[in-house]
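> Below is a structure I'd like to ask you about.
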Amino acid sequence: MQSICVFSGASPGAQPEYAAAARTLGAELAARGTRLVYGGASVGLMGVVADAVLAAGGEVIGVIPRQLVAQEVVHLGLSDLRITSSMHERKALMAKLSNGFVALPGGYGTLEEFTEVLTWSQLGLQRKPCGLLDVADYYRPLLAFFDHAVTEEFVRAEHRDLILADTDPARLLDALDTWTAPPLTRKIDPASIPAP
Ligand code: AMP
């Protein structure tokens, strides 16, 4: 894949396994010649994954809203930095620049970004793979919740299957690589909604 967008926490998390997984994912992306697209910060797991790609000779595009440049301590060593005027513009540009999405552990921001691209997939507004890197069981309760949402008939089983999940970065990237978009069951006319 040419470019993968990685969502991840602006914090490092409580366990050393989180940063270790971010480093492994970054090295794996660089080894595959896959460009990293991410939120442009130097802090938390965001900084760790970007540094790992750069250290292995890979390419990184950061996308950050003007309001967050100071707050998230923008990464000044990236191959390319795009500054947007809003959060919405940031997410739309990150998606446009990427062929697939991976979420490392993170907080509200990461969850919101990941579930937003998932809803775009559900509606057929995009046909790109979405994967959760389940480090140290961080996403196990969320995956169980998504199963619960299927049982309770708020999410269709075929939409639950849109979420790829693995504990290993290389296996998850392989799964994204070989993913084929399922037939659309909730068709809407894309022309009726502005593209993400
Ligand atoms: P967090 O997972 O909460 O540590 O946040 C990770 C990244 O998501 C940070 O770059 C946040 O600025 C970003 N973020 C937080 N809230 C939102 C939002 N509503 N839309 C897009 N990005 C967000």
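In the structure tokens, chains take letters A, B, ... by order of appearance, with residues numbered from 1 within each chain and ligands from 1 in the order shown.
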Each residue of chain A with at least one atom at most 8 Å from ligand 1 should appear once, together with its nearest atom pair and the corresponding distance in Å (one decimal); atoms considered: only C-alpha atoms and all ligand atoms; ordering: chain, then increasing residue number; output as JSON lines.


{"residue": "A:Phe7", "atom": "CA", "partner": "ligand 1", "partner_atom_place_in_ligand_line": "6 (C)", "distance": 6.7}
{"residue": "A:Ser8", "atom": "CA", "partner": "ligand 1", "partner_atom_place_in_ligand_line": "6 (C)", "distance": 5.4}
{"residue": "A:Gly9", "atom": "CA", "partner": "ligand 1", "partner_atom_place_in_ligand_line": "4 (O)", "distance": 3.6}
{"residue": "A:Ala10", "atom": "CA", "partner": "ligand 1", "partner_atom_place_in_ligand_line": "4 (O)", "distance": 3.8}
{"residue": "A:Ser11", "atom": "CA", "partner": "ligand 1", "partner_atom_place_in_ligand_line": "4 (O)", "distance": 5.5}
{"residue": "A:Gly39", "atom": "CA", "partner": "ligand 1", "partner_atom_place_in_ligand_line": "10 (O)", "distance": 5.2}
{"residue": "A:Gly40", "atom": "CA", "partner": "ligand 1", "partner_atom_place_in_ligand_line": "10 (O)", "distance": 7.4}
{"residue": "A:Ala41", "atom": "CA", "partner": "ligand 1", "partner_atom_place_in_ligand_line": "10 (O)", "distance": 6.6}
{"residue": "A:Gly44", "atom": "CA", "partner": "ligand 1", "partner_atom_place_in_ligand_line": "4 (O)", "distance": 7.7}
{"residue": "A:Met46", "atom": "CA", "partner": "ligand 1", "partner_atom_place_in_ligand_line": "6 (C)", "distance": 7.6}
{"residue": "A:Ile64", "atom": "CA", "partner": "ligand 1", "partner_atom_place_in_ligand_line": "10 (O)", "distance": 7.4}
{"residue": "A:Leu68", "atom": "CA", "partner": "ligand 1", "partner_atom_place_in_ligand_line": "12 (O)", "distance": 6.8}
{"residue": "A:Glu72", "atom": "CA", "partner": "ligand 1", "partner_atom_place_in_ligand_line": "10 (O)", "distance": 6.9}
{"residue": "A:Met87", "atom": "CA", "partner": "ligand 1", "partner_atom_place_in_ligand_line": "21 (C)", "distance": 5.1}
{"residue": "A:His88", "atom": "CA", "partner": "ligand 1", "partner_atom_place_in_ligand_line": "20 (N)", "distance": 6.6}
{"residue": "A:Arg90", "atom": "CA", "partner": "ligand 1", "partner_atom_place_in_ligand_line": "21 (C)", "distance": 7.2}
{"residue": "A:Lys91", "atom": "CA", "partner": "ligand 1", "partner_atom_place_in_ligand_line": "21 (C)", "distance": 6.1}
{"residue": "A:Pro105", "atom": "CA", "partner": "ligand 1", "partner_atom_place_in_ligand_line": "2 (O)", "distance": 7.6}
{"residue": "A:Gly106", "atom": "CA", "partner": "ligand 1", "partner_atom_place_in_ligand_line": "2 (O)", "distance": 4.0}
{"residue": "A:Gly107", "atom": "CA", "partner": "ligand 1", "partner_atom_place_in_ligand_line": "2 (O)", "distance": 3.4}
{"residue": "A:Tyr108", "atom": "CA", "partner": "ligand 1", "partner_atom_place_in_ligand_line": "3 (O)", "distance": 4.2}
{"residue": "A:Gly109", "atom": "CA", "partner": "ligand 1", "partner_atom_place_in_ligand_line": "15 (C)", "distance": 3.3}
{"residue": "A:Thr110", "atom": "CA", "partner": "ligand 1", "partner_atom_place_in_ligand_line": "2 (O)", "distance": 3.8}
{"residue": "A:Leu111", "atom": "CA", "partner": "ligand 1", "partner_atom_place_in_ligand_line": "2 (O)", "distance": 6.5}
{"residue": "A:Glu112", "atom": "CA", "partner": "ligand 1", "partner_atom_place_in_ligand_line": "18 (C)", "distance": 6.2}
{"residue": "A:Glu113", "atom": "CA", "partner": "ligand 1", "partner_atom_place_in_ligand_line": "21 (C)", "distance": 5.7}

> Kindly export the residues of the current selection with N, CA, C and O atoms, as a compact mmCIF listing (two decimals), in the first residue's frame.


# COMPACT_ATOMS: atom_id res chain seq x y z
N PHE A 7 -4.07 6.41 13.33
CA PHE A 7 -4.62 7.19 14.43
C PHE A 7 -4.02 6.63 15.71
O PHE A 7 -3.94 5.40 15.88
N SER A 8 -3.65 7.51 16.64
CA SER A 8 -3.07 7.00 17.90
C SER A 8 -3.11 8.07 18.96
O SER A 8 -3.33 9.26 18.67
N GLY A 9 -2.89 7.64 20.20
CA GLY A 9 -3.01 8.55 21.33
C GLY A 9 -1.97 9.66 21.32
O GLY A 9 -0.82 9.46 20.92
N ALA A 10 -2.39 10.83 21.81
CA ALA A 10 -1.46 11.92 22.04
C ALA A 10 -0.76 11.69 23.38
O ALA A 10 0.03 12.52 23.83
N SER A 11 -1.06 10.57 24.03
CA SER A 11 -0.39 10.15 25.28
C SER A 11 0.33 8.83 24.99
O SER A 11 -0.05 8.11 24.07
N GLY A 39 -1.42 12.50 12.53
CA GLY A 39 -1.84 13.81 13.04
C GLY A 39 -0.78 14.87 13.27
O GLY A 39 -1.10 15.97 13.72
N GLY A 40 0.49 14.58 12.96
CA GLY A 40 1.53 15.62 12.95
C GLY A 40 2.13 16.00 14.29
O GLY A 40 2.95 16.92 14.35
N ALA A 41 1.74 15.31 15.38
CA ALA A 41 2.25 15.68 16.70
C ALA A 41 3.55 14.94 17.02
O ALA A 41 3.85 13.90 16.43
N GLY A 44 3.30 11.63 22.67
CA GLY A 44 2.57 10.36 22.83
C GLY A 44 2.93 9.33 21.77
O GLY A 44 4.02 9.36 21.18
N MET A 46 1.71 9.12 18.94
CA MET A 46 1.79 9.78 17.63
C MET A 46 3.25 10.07 17.29
O MET A 46 3.73 9.77 16.19
N ILE A 64 -2.15 18.60 10.67
CA ILE A 64 -2.53 19.13 11.99
C ILE A 64 -3.29 20.45 11.83
O ILE A 64 -2.94 21.27 10.98
N LEU A 68 -4.00 23.41 16.95
CA LEU A 68 -3.32 22.38 17.76
C LEU A 68 -1.81 22.38 17.60
O LEU A 68 -1.12 21.59 18.25
N GLU A 72 -0.18 20.36 20.67
CA GLU A 72 0.25 18.98 20.45
C GLU A 72 1.73 18.90 20.11
O GLU A 72 2.23 17.86 19.71
N MET A 87 -10.38 20.80 12.53
CA MET A 87 -10.31 19.35 12.79
C MET A 87 -10.94 18.58 11.63
O MET A 87 -10.43 17.54 11.21
N HIS A 88 -12.07 19.10 11.15
CA HIS A 88 -12.77 18.39 10.07
C HIS A 88 -11.91 18.33 8.81
O HIS A 88 -11.84 17.30 8.14
N ARG A 90 -8.72 18.47 8.77
CA ARG A 90 -7.61 17.54 9.06
C ARG A 90 -8.01 16.11 8.74
O ARG A 90 -7.29 15.39 8.05
N LYS A 91 -9.16 15.70 9.26
CA LYS A 91 -9.59 14.30 9.07
C LYS A 91 -9.86 14.01 7.61
O LYS A 91 -9.51 12.93 7.11
N PRO A 105 -3.51 2.07 20.12
CA PRO A 105 -4.24 2.53 21.31
C PRO A 105 -4.26 4.06 21.39
O PRO A 105 -3.32 4.74 20.95
N GLY A 106 -5.36 4.59 21.91
CA GLY A 106 -5.51 6.04 22.05
C GLY A 106 -6.78 6.36 22.81
O GLY A 106 -7.49 5.46 23.27
N GLY A 107 -7.07 7.65 22.92
CA GLY A 107 -8.21 8.12 23.70
C GLY A 107 -9.38 8.52 22.81
O GLY A 107 -9.59 7.96 21.72
N TYR A 108 -10.15 9.50 23.25
CA TYR A 108 -11.35 9.92 22.52
C TYR A 108 -11.03 10.30 21.07
O TYR A 108 -11.79 9.98 20.15
N GLY A 109 -9.91 11.03 20.89
CA GLY A 109 -9.56 11.48 19.53
C GLY A 109 -9.38 10.30 18.60
O GLY A 109 -9.92 10.27 17.49
N THR A 110 -8.62 9.30 19.06
CA THR A 110 -8.35 8.12 18.25
C THR A 110 -9.64 7.35 17.95
O THR A 110 -9.88 6.94 16.81
N LEU A 111 -10.47 7.19 18.98
CA LEU A 111 -11.72 6.44 18.80
C LEU A 111 -12.65 7.16 17.84
O LEU A 111 -13.28 6.54 16.97
N GLU A 112 -12.70 8.48 17.98
CA GLU A 112 -13.59 9.26 17.11
C GLU A 112 -13.12 9.18 15.66
O GLU A 112 -13.92 8.98 14.74
N GLU A 113 -11.81 9.29 15.47
CA GLU A 113 -11.26 9.24 14.10
C GLU A 113 -11.51 7.87 13.48
O GLU A 113 -11.92 7.76 12.32

> So the first atom is atom CA of Asn99 of chain A and the second is atom CA of Gly77 of chain A; what is the distance between them in Å, to one decimal place?

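That distance, rounded to one decimal, is 23.3 Å.
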
> Record the distance separating atom CA of Gln2 of chain A and atom CA of Thr34 of chain A, expressed in Å with one decimal.

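Between these atoms lies a distance of 4.9 Å.
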
> Could you write out, as number ranges by chain, all the residues of segment 15-89 of chain A that DSSP marks as strand (DSSP E or B)?

A: 35-38, 41, 60-65, 74, 80-84

> Expressed in Å to a single decimal, how great is the separation between atom CA of Leu173 of chain A and atom CA of Val155 of chain A?

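Computing it gives 24.9 Å between the two atoms.
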
> Under the rule that only C-alpha atoms are counted, which of A:Pro169, A:Pro141, A:Pro129, A:Gly62 is the nearest residue to Thr24 of chain A?

A:Pro169
